[in-house]
>>> print(open('run-v4.txt').read())   # compact mmCIF, C-alpha atoms
# COMPACT_ATOMS: atom_id res chain seq x y z
CA MET A 162 104.44 170.28 -170.17
CA GLU A 163 101.23 172.27 -170.32
CA THR A 164 100.89 171.47 -174.03
CA MET A 165 101.32 167.75 -173.31
CA SER A 166 98.65 167.83 -170.58
CA ARG A 167 96.25 169.56 -172.92
CA LEU A 168 96.93 166.94 -175.62
CA ASN A 169 96.29 164.10 -173.17
CA TYR A 170 93.06 165.79 -172.09
CA ILE A 171 91.91 166.05 -175.72
CA ILE A 172 92.74 162.37 -176.32
CA VAL A 173 90.81 161.24 -173.22
CA ILE A 174 87.78 163.35 -174.21
CA GLY A 175 87.97 161.93 -177.74
CA LEU A 176 88.09 158.35 -176.46
CA LEU A 177 85.15 158.94 -174.12
CA ALA A 178 83.12 160.46 -176.96
CA ALA A 179 83.93 157.49 -179.19
CA LEU A 180 82.97 155.05 -176.42
CA ILE A 181 79.65 156.81 -175.84
CA ALA A 182 78.90 156.81 -179.57
CA TYR A 183 79.78 153.11 -179.85
CA THR A 184 77.61 152.19 -176.86
CA TYR A 185 74.70 154.15 -178.31
CA ALA A 186 75.15 152.38 -181.65
CA LEU A 187 75.08 148.97 -179.99
CA ARG A 188 71.93 149.76 -178.07
CA TYR A 189 69.94 151.76 -180.57
CA GLY A 190 71.61 151.19 -183.92
CA ASN A 191 70.78 147.54 -184.55
CA ALA A 192 70.19 146.43 -188.11
CA ALA A 193 66.64 146.94 -189.31
CA PRO A 194 64.56 143.78 -188.75
CA PRO A 195 63.46 141.83 -191.84
CA PRO A 196 59.80 141.35 -192.82
CA THR A 197 57.64 139.47 -190.31
CA PRO A 198 57.00 135.88 -191.48
CA SER A 199 53.47 134.72 -192.23
CA LEU A 200 53.26 131.87 -189.74
CA ALA A 201 49.63 131.30 -190.70
CA SER A 202 50.83 130.14 -194.13
CA ILE A 203 52.39 127.00 -192.63
CA PRO A 204 50.28 124.10 -193.99
CA GLU A 205 47.23 123.19 -191.95
CA GLU A 206 46.90 119.78 -193.63
CA LEU A 207 49.73 117.30 -193.92
CA GLY A 208 49.72 113.53 -194.37
CA GLY A 209 46.23 113.05 -192.94
CA TRP A 210 46.74 115.55 -190.13
CA VAL A 211 44.40 118.54 -190.02
CA GLY A 212 45.38 121.64 -188.09
CA THR A 213 43.25 124.24 -186.36
CA SER A 214 44.78 127.55 -185.32
CA VAL A 215 43.74 128.87 -181.94
CA GLY A 216 44.04 132.36 -180.55
CA ALA A 217 45.64 133.47 -177.32
CA ASP A 218 44.34 136.09 -174.91
CA SER A 219 45.97 139.51 -174.76
CA GLU A 220 47.67 138.83 -171.42
CA THR A 221 49.34 135.69 -172.78
CA LEU A 222 50.51 137.51 -175.91
CA LYS A 223 51.86 140.37 -173.81
CA LEU A 224 53.73 137.95 -171.58
CA ILE A 225 55.25 136.15 -174.58
CA GLY A 226 56.27 139.44 -176.18
CA ALA A 227 56.72 137.93 -179.65
CA ASP A 228 56.23 139.86 -182.88
CA GLU A 229 54.30 136.96 -184.40
CA THR A 230 52.89 133.78 -182.86
CA LEU A 231 51.21 130.60 -184.02
CA PHE A 232 49.22 128.27 -181.77
CA ARG A 233 47.87 125.31 -183.71
CA THR A 234 46.37 121.92 -182.87
CA TYR A 235 46.85 119.12 -185.40
CA ARG A 236 44.59 116.06 -185.28
CA ARG A 237 44.49 112.77 -187.14
CA GLY A 238 41.34 111.04 -186.06
CA PRO A 239 39.98 111.25 -182.52
CA GLU A 240 42.99 109.72 -180.76
CA HIS A 241 45.96 111.52 -182.32
CA THR A 242 46.71 115.14 -181.37
CA VAL A 243 49.86 117.24 -181.68
CA TRP A 244 50.25 120.83 -180.44
CA LEU A 245 52.47 123.32 -182.24
CA TYR A 246 53.64 126.71 -180.99
CA ILE A 247 55.96 129.11 -182.80
CA GLY A 248 57.07 132.48 -181.49
CA TYR A 249 58.92 134.83 -183.84
CA PHE A 250 61.05 137.71 -182.50
CA ALA A 251 62.37 140.31 -184.94
CA ARG A 252 64.89 141.42 -182.32
CA GLN A 253 65.17 140.78 -178.62
CA HIS A 254 65.01 143.46 -175.96
CA GLU A 255 63.73 143.82 -172.42
CA ASN A 256 60.05 143.27 -173.23
CA SER A 257 60.54 140.91 -176.18
CA GLN A 258 62.70 137.90 -175.44
CA ILE A 259 62.49 134.20 -176.16
CA HIS A 260 61.64 132.44 -172.91
CA SER A 261 62.96 128.97 -172.18
CA PRO A 262 60.17 126.42 -171.63
CA LYS A 263 62.17 125.20 -168.65
CA HIS A 264 61.13 128.44 -166.97
CA CYS A 265 57.66 128.85 -168.49
CA TYR A 266 56.24 125.40 -167.77
CA PRO A 267 56.80 125.50 -163.98
CA GLY A 268 55.23 128.96 -163.93
CA SER A 269 52.14 127.53 -165.67
CA GLY A 270 51.58 124.66 -163.26
CA TRP A 271 53.56 121.97 -165.10
CA ASP A 272 56.39 120.00 -163.48
CA ILE A 273 59.35 118.95 -165.63
CA VAL A 274 59.85 115.27 -164.83
CA GLU A 275 62.44 114.55 -167.53
CA GLU A 276 64.86 116.54 -169.66
CA GLY A 277 67.04 115.23 -172.47
CA SER A 278 67.71 115.21 -176.22
CA THR A 279 65.98 113.56 -179.18
CA ASN A 280 67.54 113.13 -182.61
CA LEU A 281 65.65 114.68 -185.52
CA VAL A 282 66.43 115.29 -189.17
CA LEU A 283 66.07 119.06 -189.62
CA ALA A 284 67.30 121.16 -192.55
CA GLY A 285 68.73 118.01 -194.09
CA ALA A 286 70.94 117.14 -191.12
CA GLY A 287 70.68 115.21 -187.89
CA VAL A 288 70.09 117.48 -184.90
CA ALA A 289 69.74 116.57 -181.23
CA VAL A 290 66.91 118.88 -180.15
CA LYS A 291 65.75 119.31 -176.58
CA HIS A 292 62.95 117.19 -175.18
CA LEU A 293 60.97 117.46 -171.98
CA VAL A 294 58.41 115.29 -170.26
CA ILE A 295 56.03 117.49 -168.30
CA SER A 296 53.17 116.70 -165.94
CA ASN A 297 50.46 118.64 -164.17
CA GLY A 298 49.29 115.69 -162.12
CA ALA A 299 46.39 114.66 -164.33
CA GLU A 300 48.15 114.86 -167.68
CA GLN A 301 51.60 114.14 -169.05
CA GLN A 302 53.10 115.46 -172.29
CA TYR A 303 56.22 114.85 -174.36
CA VAL A 304 57.73 118.08 -175.75
CA LEU A 305 60.28 118.76 -178.50
CA TYR A 306 61.71 122.26 -178.98
CA TRP A 307 64.50 124.26 -180.55
CA PHE A 308 65.44 127.81 -181.52
CA THR A 309 66.34 128.96 -185.00
CA GLY A 310 67.97 132.01 -186.57
CA ALA A 311 70.02 133.04 -189.60
CA GLY A 312 72.93 130.98 -188.30
CA GLY A 313 70.87 127.80 -188.15
CA ILE A 314 69.18 125.67 -185.52
CA ILE A 315 70.15 126.30 -181.89
CA THR A 316 69.28 123.73 -179.24
CA ASN A 317 70.84 125.34 -176.19
CA GLU A 318 69.49 128.34 -174.27
CA PHE A 319 72.99 129.61 -173.49
CA ALA A 320 74.02 129.30 -177.14
CA LEU A 321 70.93 131.33 -178.07
CA LYS A 322 71.95 134.17 -175.73
CA TRP A 323 75.51 134.16 -177.05
CA ASN A 324 74.25 134.17 -180.64
CA GLN A 325 71.97 137.14 -179.97
CA MET A 326 74.73 139.07 -178.17
CA LYS A 327 77.18 138.39 -181.01
CA ASN A 328 74.68 139.55 -183.63
CA SER A 329 74.04 142.72 -181.63
CA LEU A 330 77.76 143.52 -181.35
CA LEU A 331 78.24 142.95 -185.07
CA ARG A 332 75.04 144.88 -185.87
CA ARG A 333 73.54 141.92 -187.68
CA PRO A 334 69.79 141.14 -187.80
CA GLN A 335 68.68 139.37 -184.62
CA ALA A 336 65.56 137.67 -185.96
CA ALA A 337 64.99 134.34 -184.17
CA ALA A 338 62.15 131.93 -183.53
CA PHE A 339 61.17 129.39 -180.92
CA VAL A 340 59.57 126.18 -182.24
CA ARG A 341 57.80 123.70 -179.97
CA PHE A 342 55.87 120.49 -180.63
CA SER A 343 54.11 118.46 -177.95
CA ILE A 344 51.98 115.32 -177.66
CA GLU A 345 50.02 113.76 -174.83
CA LEU A 346 51.50 110.71 -173.14
CA THR A 347 48.56 109.92 -170.86
CA GLY A 348 46.97 106.65 -171.97
CA LYS A 349 49.69 105.90 -174.56
CA THR A 350 52.94 104.02 -174.59
CA ARG A 351 55.93 106.38 -174.43
CA ALA A 352 57.65 104.82 -177.47
CA ALA A 353 54.58 105.06 -179.72
CA ALA A 354 53.84 108.69 -178.77
CA GLN A 355 57.46 109.72 -179.18
CA ASP A 356 57.74 108.08 -182.60
CA GLU A 357 54.51 109.74 -183.75
CA LEU A 358 55.69 113.17 -182.64
CA VAL A 359 59.13 112.74 -184.23
CA ARG A 360 57.67 111.69 -187.58
CA PHE A 361 55.17 114.55 -187.63
CA THR A 362 57.78 117.11 -186.55
CA GLU A 363 60.23 116.05 -189.24
CA ALA A 364 57.50 116.23 -191.88
CA LEU A 365 56.31 119.73 -190.94
CA ALA A 366 59.72 121.23 -190.09
CA PRO A 367 60.75 121.98 -193.73
CA HIS A 368 57.57 124.02 -194.20
CA ILE A 369 58.25 125.95 -191.00
CA GLU A 370 61.83 126.63 -192.05
CA LYS A 371 60.68 127.88 -195.47
CA VAL A 372 58.38 130.45 -193.86
CA LEU A 373 60.96 131.56 -191.30
CA ARG A 374 63.64 131.88 -193.98
CA SER A 375 61.84 134.88 -195.47
CA SER A 376 62.34 136.77 -192.19
CA GLY A 377 65.94 135.80 -191.54
CA ALA A 378 64.93 133.45 -188.70
CA ALA A 379 66.25 130.46 -190.63
CA PRO A 380 69.42 130.00 -192.67
CA ALA A 381 69.41 130.83 -196.37
CA GLU A 382 68.56 127.89 -198.58
CA THR A 383 71.24 126.35 -200.76
CA PRO A 384 70.88 123.83 -203.63
CA SER A 385 72.46 121.11 -201.48
CA ALA A 386 70.08 121.90 -198.62
CA ARG A 387 67.11 121.68 -200.98
CA ARG A 388 68.22 118.22 -202.12
CA ALA A 389 68.78 117.10 -198.55
CA ASP A 390 65.38 118.39 -197.44
CA ALA A 391 63.65 116.62 -200.29
CA SER A 392 65.34 113.31 -199.53
CA SER A 393 64.89 113.45 -195.74
CA GLU A 394 61.30 114.67 -195.42
CA ARG A 395 59.22 111.91 -193.88
CA THR A 396 55.57 111.04 -194.22
CA PRO A 397 53.92 111.55 -190.84
>>> encode(input="run-v4.txt", output="structure tokens")
Amino acid sequence: METMSRLNYIIVIGLLAALIAYTYALRYGNAAPPPTPSLASIPEELGGWVGTSVGADSETLKLIGADETLFRTYRRGPEHTVWLYIGYFARQHENSQIHSPKHCYPGSGWDIVEEGSTNLVLAGAGVAVKHLVISNGAEQQYVLYWFTGAGGIITNEFALKWNQMKNSLLRRPQAAAFVRFSIELTGKTRAAAQDELVRFTEALAPHIEKVLRSSGAAPAETPSARRADASSERTP
């Protein structure tokens, strides 16, 4: 009886030690992050659009917590402007997480007056990405956004969390990016502004994906995907 009790004690201690080691591995033993993508290498000129990168203050960058960011304004003449933001996260932890714009916009003084989905052709396939219409009283904007990682494009915040948790449990790289395009609606018809943003987004998206692919924040390219991208890329 005493021998059996001692054996059970040893088994329990062994299981606890294994559980502690496994928990430590999940928290601190994540796969090494891939190289940080060069977001600045995304084309500044495309189909008559000319982009200008803008910096962000240190407080904004700290709040975002991304490993690499890109804020860029694209213009085509004096009346056509599109804003692009990309945030790249090598892995997500307490001080470095992708924030949903549905939380960030209200905190920045913008009201979300509409939420829905818009169909785009991304990575050679049709994808229903998220769209928002936001307003600060004096100005109104139409916003398109999605998340992307090694598994592909993710359009749902809950799916993003599940994907990150799954990658952590399987000790896979957790590199992911948040991509957002926006255009002003004030003084324009909704249909015209939306069409302009969709066409520009679809034209620039393959270049964004190519840059993110080097960091694991976009799926690996295949010959079929290359053919699909080439056939689906639109002129903005």
>>> closest_residue(input="run-v4.txt", among="A:Val359, A:Trp307, A:Gly268, A:Ala338", to="A:Val372", atoms="all atoms listed in the file")
A:Ala338
>>> atom_distance(input="run-v4.txt", atom1="atom CA of A:Glu229", atom2="atom CA of A:Leu293")
24.1 Å
>>> residues_around(input="run-v4.txt", residues="A:Ile295", least_positions_apart="4", cutoff="7 Å", atoms="all atoms listed in the file", output="VMD selection string")
chain A and resid 271 to 274 301 to 303
>>> closest_residue(input="run-v4.txt", among="A:His264, A:Arg233, A:Arg351, A:Glu357", to="A:Tyr246", atoms="only C-alpha atoms")
A:Arg233
>>> closest_residue(input="run-v4.txt", among="A:Gly298, A:Gly248, A:Pro239, A:Pro198", to="A:Ile225", atoms="all atoms listed in the file")
A:Gly248
>>> atom_distance(input="run-v4.txt", atom1="atom CA of A:Leu346", atom2="atom CA of A:Phe232")
19.7 Å
>>> atom_distance(input="run-v4.txt", atom1="atom CA of A:Gly310", atom2="atom CA of A:Gly277")
21.9 Å
>>> closest_residue(input="run-v4.txt", among="A:Gly208, A:Pro267, A:Gly348, A:Pro196", to="A:Arg236", atoms="all atoms listed in the file")
A:Gly208
>>> closest_residue(input="run-v4.txt", among="A:Tyr249, A:Phe361, A:Tyr306, A:Tyr266", to="A:Leu222", atoms="only C-alpha atoms")
A:Tyr249
